[in-house]
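First up is the structure itself, then whatever we jot down about it.
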Amino acid sequence: KAIEALELWRNTYPLDYIPLIGLSDIYERIGQSEKAIAVASEGLRLDPDYATSYVNLAEPQMSLGRFSDVKETCRRAFERNCDSYFFHQFLFQTAFVENNPATADEHLKWFGGRNDEYLALDLRTGAAAFCGQWRASQDLSRRSIEMATRSDAKEVAAQYAAEQALRIVFWSSSTGIPGSDSTQLRTVLKAQTNKALNLERGKEVISRAALVMAVAGQAEYSSWLADELRAERPKDILLSELWLPLIRAATLIQHSKYREAVGELEVTKRFECAAEFYPQYLRGLAYLKLDKVDEALAEFDKILDNRGEAPLSSIYPLAQLGRARAKKDPFEYKKFFELWKDADKDMPALIAARKEFANLRGSTEIART
């Protein structure tokens, strides 16, 4: 409905760039990045001095993995004296993907002394998480939440806490999904999600907290949070066709109902490009359990081939591990080890992967003899 209204505005007043700003933002939020680029580019043609148009162009370029275009868009913005923390976030992420630590550090330093310096801490949290550095990520996450709270950005702090809870729940398993019988994990996750929900109970925070508890096997609490979302936002299509099915699918996987989980995730395909890899990853895990190797590989490749959708996602290296397990290929395991070469040595997934790799190599050597 919002798109309909904005398109009417755009067609009625073709020289007004404001509806193009709204359209590019909405298209990106529902994962239609090509359309977002088209309308953001048109907005820049109408007014090349409006910073938000550059932001709305660079973001979908990032999602599509067009990292050179992201850098060019930011350069054009700076030439027009347009600056924003968004540009430095994009350029940090691009430098991280391109393994350029000097440039990444340069953009982190830009935040130094600002009221929103917590944004730089969150970027560092994501980078550490991507590399499997659990302890560093926990410390950076705690500091970013504290700094955002002190800066009266409680909604942001809550989102950081919920995001870290998601990292914890997926990291805690050696196989992809943790068992539901871990008292210690339940305690940690309850504390982390409560921290988020006590700061702010918006859609982003509640949906992530519900997904965390579903993945952890806490179906009753997850369902209670999902019911709260459904009651408060009955017409929210991203909830009804993305986050709520995703939460239900995680619960089904916990109950070993893998075929049903795949069916539940079918509806999410429309918007999953905007879901930070979670639908693709859960679908891939379910297919692995069903011994549907080709289907599992296709899901993991959706993640590995689209890094820009979530450049700092800790799911990305886990998808590489999923690919290695599906193919049973030592070379694919080596790719995972490279991604996690600086990971904490006691990460459950890393320990399990090393054992699997050793067994594969042993089997290969026996076959050769």
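As shown in the structure tokens, the chain order sets the letters A, B, ...; within each chain, residues go from 1, and ligands are also counted from 1 in the order they appear.
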Tell me, counting only C-alpha atoms, for each residue of region 205-316 of chain A within 9 Å of region 25-46 of chain A, which pair of atoms is nearest and how far apart they are in Å to one decimal, in rows ordered by chain and increasing number, as CSV.
residue,atom,partner,partner_atom,distance
A:Leu238,CA,A:Ile30,CA,7.6
A:Arg270,CA,A:Gly31,CA,8.3
A:Phe271,CA,A:Ile30,CA,5.5
A:Glu272,CA,A:Gly31,CA,7.0
A:Cys273,CA,A:Gly31,CA,4.8
A:Ala274,CA,A:Gly31,CA,4.6
A:Ala275,CA,A:Gly31,CA,8.3
A:Glu309,CA,A:Gly31,CA,8.9
Show me, as an MDAnalysis selection string, the residues that have an atom within 9 Å of Glu7 (chain A) when counting only C-alpha atoms, minus same-chain residues fewer than 6 positions from it.
chainID A and resid 19:20 23
Nearest residue to Leu350 (chain A) from the set A:Gly132, A:Pro178, A:Pro60, A:Gly202 (distances using only C-alpha atoms)
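Ranking A:Gly132, A:Pro178, A:Pro60, A:Gly202 by distance to Leu350 (chain A), first place goes to A:Gly132.
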* Would you return as a PyMOL selection string the members of region 175-336 of chain A that DSSP assigns to alpha helix (DSSP H) on this structure's backbone? => chain A and resi 183-199+203-215+219-232+237-238+244-254+258-265+278-289+293-304+315-327+330-336
Neighbour list for region 278-295 of chain A as a PDB file with C-alpha atoms, in the first residue's frame, cut-off 6 Å, only C-alpha atoms, skip fewer than 6 positions in-chain:
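Everything below was put into out10.pdb:
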ATOM      1  CA  TYR A 258      12.378 -31.001   8.850  1.00  0.00           C
ATOM      2  CA  VAL A 262      10.929 -26.507   4.671  1.00  0.00           C
ATOM      3  CA  ALA A 326      26.914 -31.388   2.396  1.00  0.00           C
TER       4      ALA A 326
END
Sorted by chain and rising residue number, which residues of region 51-120 of chain A lie within 9 Å of region 312-315 of chain A, and what are their closest atom pairs and distances in Å to one decimal, counting only C-alpha atoms, as a Markdown table?
| residue | atom | partner | partner_atom | distance |
| --- | --- | --- | --- | --- |
| A:Gln93 | CA | A:Leu312 | CA | 7.1 |
| A:Phe96 | CA | A:Leu312 | CA | 8.3 |
| A:Val97 | CA | A:Leu312 | CA | 8.3 |
Those selected residues, please, written with N, CA and C atoms and delivered as an mmCIF file, in the first residue's frame.
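Result file selection-v5.cif:
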data_model
loop_
_atom_site.group_PDB
_atom_site.id
_atom_site.type_symbol
_atom_site.label_atom_id
_atom_site.label_comp_id
_atom_site.auth_asym_id
_atom_site.auth_seq_id
_atom_site.Cartn_x
_atom_site.Cartn_y
_atom_site.Cartn_z
ATOM 1 N N GLN A 93 32.320 -1.825 5.917
ATOM 2 C CA GLN A 93 31.896 -3.163 5.518
ATOM 3 C C GLN A 93 32.560 -3.588 4.214
ATOM 4 N N PHE A 96 36.117 -4.447 4.895
ATOM 5 C CA PHE A 96 36.209 -5.727 5.597
ATOM 6 C C PHE A 96 36.052 -6.888 4.611
ATOM 7 N N VAL A 97 35.087 -6.783 3.717
ATOM 8 C CA VAL A 97 34.876 -7.824 2.717
ATOM 9 C C VAL A 97 36.104 -7.960 1.830
#
query: What lies within 12 Å of Leu246 (chain A) using only C-alpha atoms, ignoring chain neighbours under 6 positions off, as number ranges by chain?
result: A: 207-208, 210-215, 222-223, 226, 238-240, 252-253, 260-269, 271-272, 275-283
Could you write those residues out with N, CA, C and O atoms, as a short mmCIF file (atom, residue, chain, number, x, y, z; two decimals), in the first residue's frame?
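out_33.cif written:
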data_model
loop_
_atom_site.label_atom_id
_atom_site.label_comp_id
_atom_site.auth_asym_id
_atom_site.auth_seq_id
_atom_site.Cartn_x
_atom_site.Cartn_y
_atom_site.Cartn_z
N SER A 207 10.94 -9.69 17.41
CA SER A 207 11.04 -10.75 16.40
C SER A 207 12.36 -11.51 16.51
O SER A 207 12.39 -12.74 16.42
N ARG A 208 13.44 -10.78 16.77
CA ARG A 208 14.74 -11.46 16.93
C ARG A 208 14.77 -12.29 18.21
O ARG A 208 15.28 -13.41 18.22
N ALA A 210 12.23 -13.67 19.67
CA ALA A 210 11.39 -14.85 19.44
C ALA A 210 12.14 -15.90 18.61
O ALA A 210 12.04 -17.11 18.88
N LEU A 211 12.88 -15.46 17.61
CA LEU A 211 13.65 -16.39 16.80
C LEU A 211 14.75 -17.06 17.64
O LEU A 211 14.98 -18.27 17.52
N VAL A 212 15.41 -16.28 18.48
CA VAL A 212 16.44 -16.83 19.36
C VAL A 212 15.86 -17.98 20.19
O VAL A 212 16.43 -19.08 20.25
N MET A 213 14.72 -17.74 20.82
CA MET A 213 14.16 -18.74 21.71
C MET A 213 13.64 -19.95 20.93
O MET A 213 13.70 -21.08 21.41
N ALA A 214 13.16 -19.72 19.71
CA ALA A 214 12.72 -20.85 18.88
C ALA A 214 13.90 -21.73 18.49
O ALA A 214 13.84 -22.96 18.57
N VAL A 215 15.00 -21.10 18.07
CA VAL A 215 16.20 -21.85 17.69
C VAL A 215 16.75 -22.63 18.90
O VAL A 215 17.25 -23.75 18.76
N SER A 222 8.97 -18.47 22.92
CA SER A 222 9.02 -17.95 21.56
C SER A 222 7.62 -17.68 21.03
O SER A 222 7.35 -16.63 20.42
N SER A 223 6.70 -18.61 21.26
CA SER A 223 5.33 -18.45 20.79
C SER A 223 4.64 -17.27 21.47
O SER A 223 3.87 -16.54 20.83
N ALA A 226 5.87 -14.23 19.76
CA ALA A 226 5.28 -14.14 18.42
C ALA A 226 3.83 -13.69 18.49
O ALA A 226 3.37 -12.90 17.65
N LEU A 238 5.94 -8.03 6.52
CA LEU A 238 7.25 -8.61 6.78
C LEU A 238 7.22 -9.54 7.99
O LEU A 238 8.01 -10.47 8.08
N LEU A 239 6.31 -9.27 8.91
CA LEU A 239 6.12 -10.20 10.03
C LEU A 239 5.40 -11.46 9.56
O LEU A 239 5.87 -12.57 9.80
N SER A 240 4.28 -11.30 8.88
CA SER A 240 3.45 -12.45 8.53
C SER A 240 4.07 -13.35 7.48
O SER A 240 3.82 -14.56 7.47
N LEU A 252 9.94 -26.07 14.45
CA LEU A 252 9.76 -27.37 13.79
C LEU A 252 11.07 -28.13 13.68
O LEU A 252 11.12 -29.35 13.88
N ILE A 253 12.14 -27.42 13.34
CA ILE A 253 13.46 -28.07 13.25
C ILE A 253 13.87 -28.63 14.61
O ILE A 253 14.42 -29.74 14.71
N GLU A 260 8.36 -30.36 7.34
CA GLU A 260 7.39 -29.32 7.67
C GLU A 260 8.06 -27.95 7.76
O GLU A 260 7.49 -26.93 7.37
N ALA A 261 9.30 -27.94 8.27
CA ALA A 261 10.05 -26.68 8.37
C ALA A 261 10.31 -26.10 6.98
O ALA A 261 10.16 -24.89 6.76
N VAL A 262 10.70 -26.96 6.04
CA VAL A 262 10.93 -26.51 4.67
C VAL A 262 9.64 -25.92 4.09
O VAL A 262 9.66 -24.87 3.43
N GLY A 263 8.52 -26.59 4.35
CA GLY A 263 7.25 -26.07 3.87
C GLY A 263 6.90 -24.72 4.48
O GLY A 263 6.41 -23.83 3.78
N GLU A 264 7.17 -24.56 5.78
CA GLU A 264 6.90 -23.30 6.45
C GLU A 264 7.74 -22.17 5.87
O GLU A 264 7.29 -21.02 5.77
N LEU A 265 8.95 -22.49 5.46
CA LEU A 265 9.87 -21.48 4.94
C LEU A 265 9.59 -21.10 3.49
O LEU A 265 10.19 -20.16 2.97
N GLU A 266 8.69 -21.82 2.84
CA GLU A 266 8.40 -21.53 1.44
C GLU A 266 7.90 -20.09 1.27
O GLU A 266 8.28 -19.39 0.33
N VAL A 267 7.06 -19.66 2.20
CA VAL A 267 6.47 -18.32 2.08
C VAL A 267 7.51 -17.22 2.25
O VAL A 267 7.33 -16.10 1.76
N THR A 268 8.64 -17.51 2.91
CA THR A 268 9.63 -16.47 3.18
C THR A 268 10.46 -16.11 1.95
O THR A 268 11.17 -15.11 1.97
N LYS A 269 10.38 -16.91 0.90
CA LYS A 269 11.26 -16.67 -0.25
C LYS A 269 11.03 -15.29 -0.88
O LYS A 269 11.95 -14.72 -1.46
N PHE A 271 10.69 -12.47 0.53
CA PHE A 271 11.39 -11.38 1.21
C PHE A 271 12.74 -11.78 1.81
O PHE A 271 13.37 -10.97 2.48
N GLU A 272 13.18 -13.00 1.59
CA GLU A 272 14.33 -13.49 2.36
C GLU A 272 15.65 -12.77 2.03
O GLU A 272 16.59 -12.85 2.82
N ALA A 275 16.58 -10.70 4.98
CA ALA A 275 16.47 -11.37 6.28
C ALA A 275 17.80 -11.86 6.84
O ALA A 275 17.83 -12.72 7.72
N GLU A 276 18.92 -11.30 6.35
CA GLU A 276 20.24 -11.56 6.92
C GLU A 276 20.60 -13.04 6.96
O GLU A 276 21.23 -13.52 7.90
N PHE A 277 20.14 -13.79 5.93
CA PHE A 277 20.52 -15.19 5.69
C PHE A 277 19.79 -16.22 6.56
O PHE A 277 19.99 -17.42 6.36
N TYR A 278 18.97 -15.82 7.51
CA TYR A 278 18.39 -16.80 8.43
C TYR A 278 17.46 -17.80 7.73
O TYR A 278 17.55 -19.00 8.00
N PRO A 279 16.55 -17.38 6.82
CA PRO A 279 15.71 -18.38 6.16
C PRO A 279 16.52 -19.38 5.33
O PRO A 279 16.26 -20.59 5.38
N GLN A 280 17.51 -18.87 4.57
CA GLN A 280 18.31 -19.75 3.74
C GLN A 280 19.09 -20.75 4.60
O GLN A 280 19.22 -21.93 4.24
N TYR A 281 19.62 -20.27 5.72
CA TYR A 281 20.42 -21.14 6.57
C TYR A 281 19.57 -22.23 7.21
O TYR A 281 19.95 -23.42 7.20
N LEU A 282 18.42 -21.87 7.75
CA LEU A 282 17.54 -22.88 8.37
C LEU A 282 17.05 -23.87 7.32
O LEU A 282 16.98 -25.08 7.59
N ARG A 283 16.73 -23.38 6.13
CA ARG A 283 16.29 -24.29 5.07
C ARG A 283 17.42 -25.25 4.69
O ARG A 283 17.19 -26.45 4.49
#
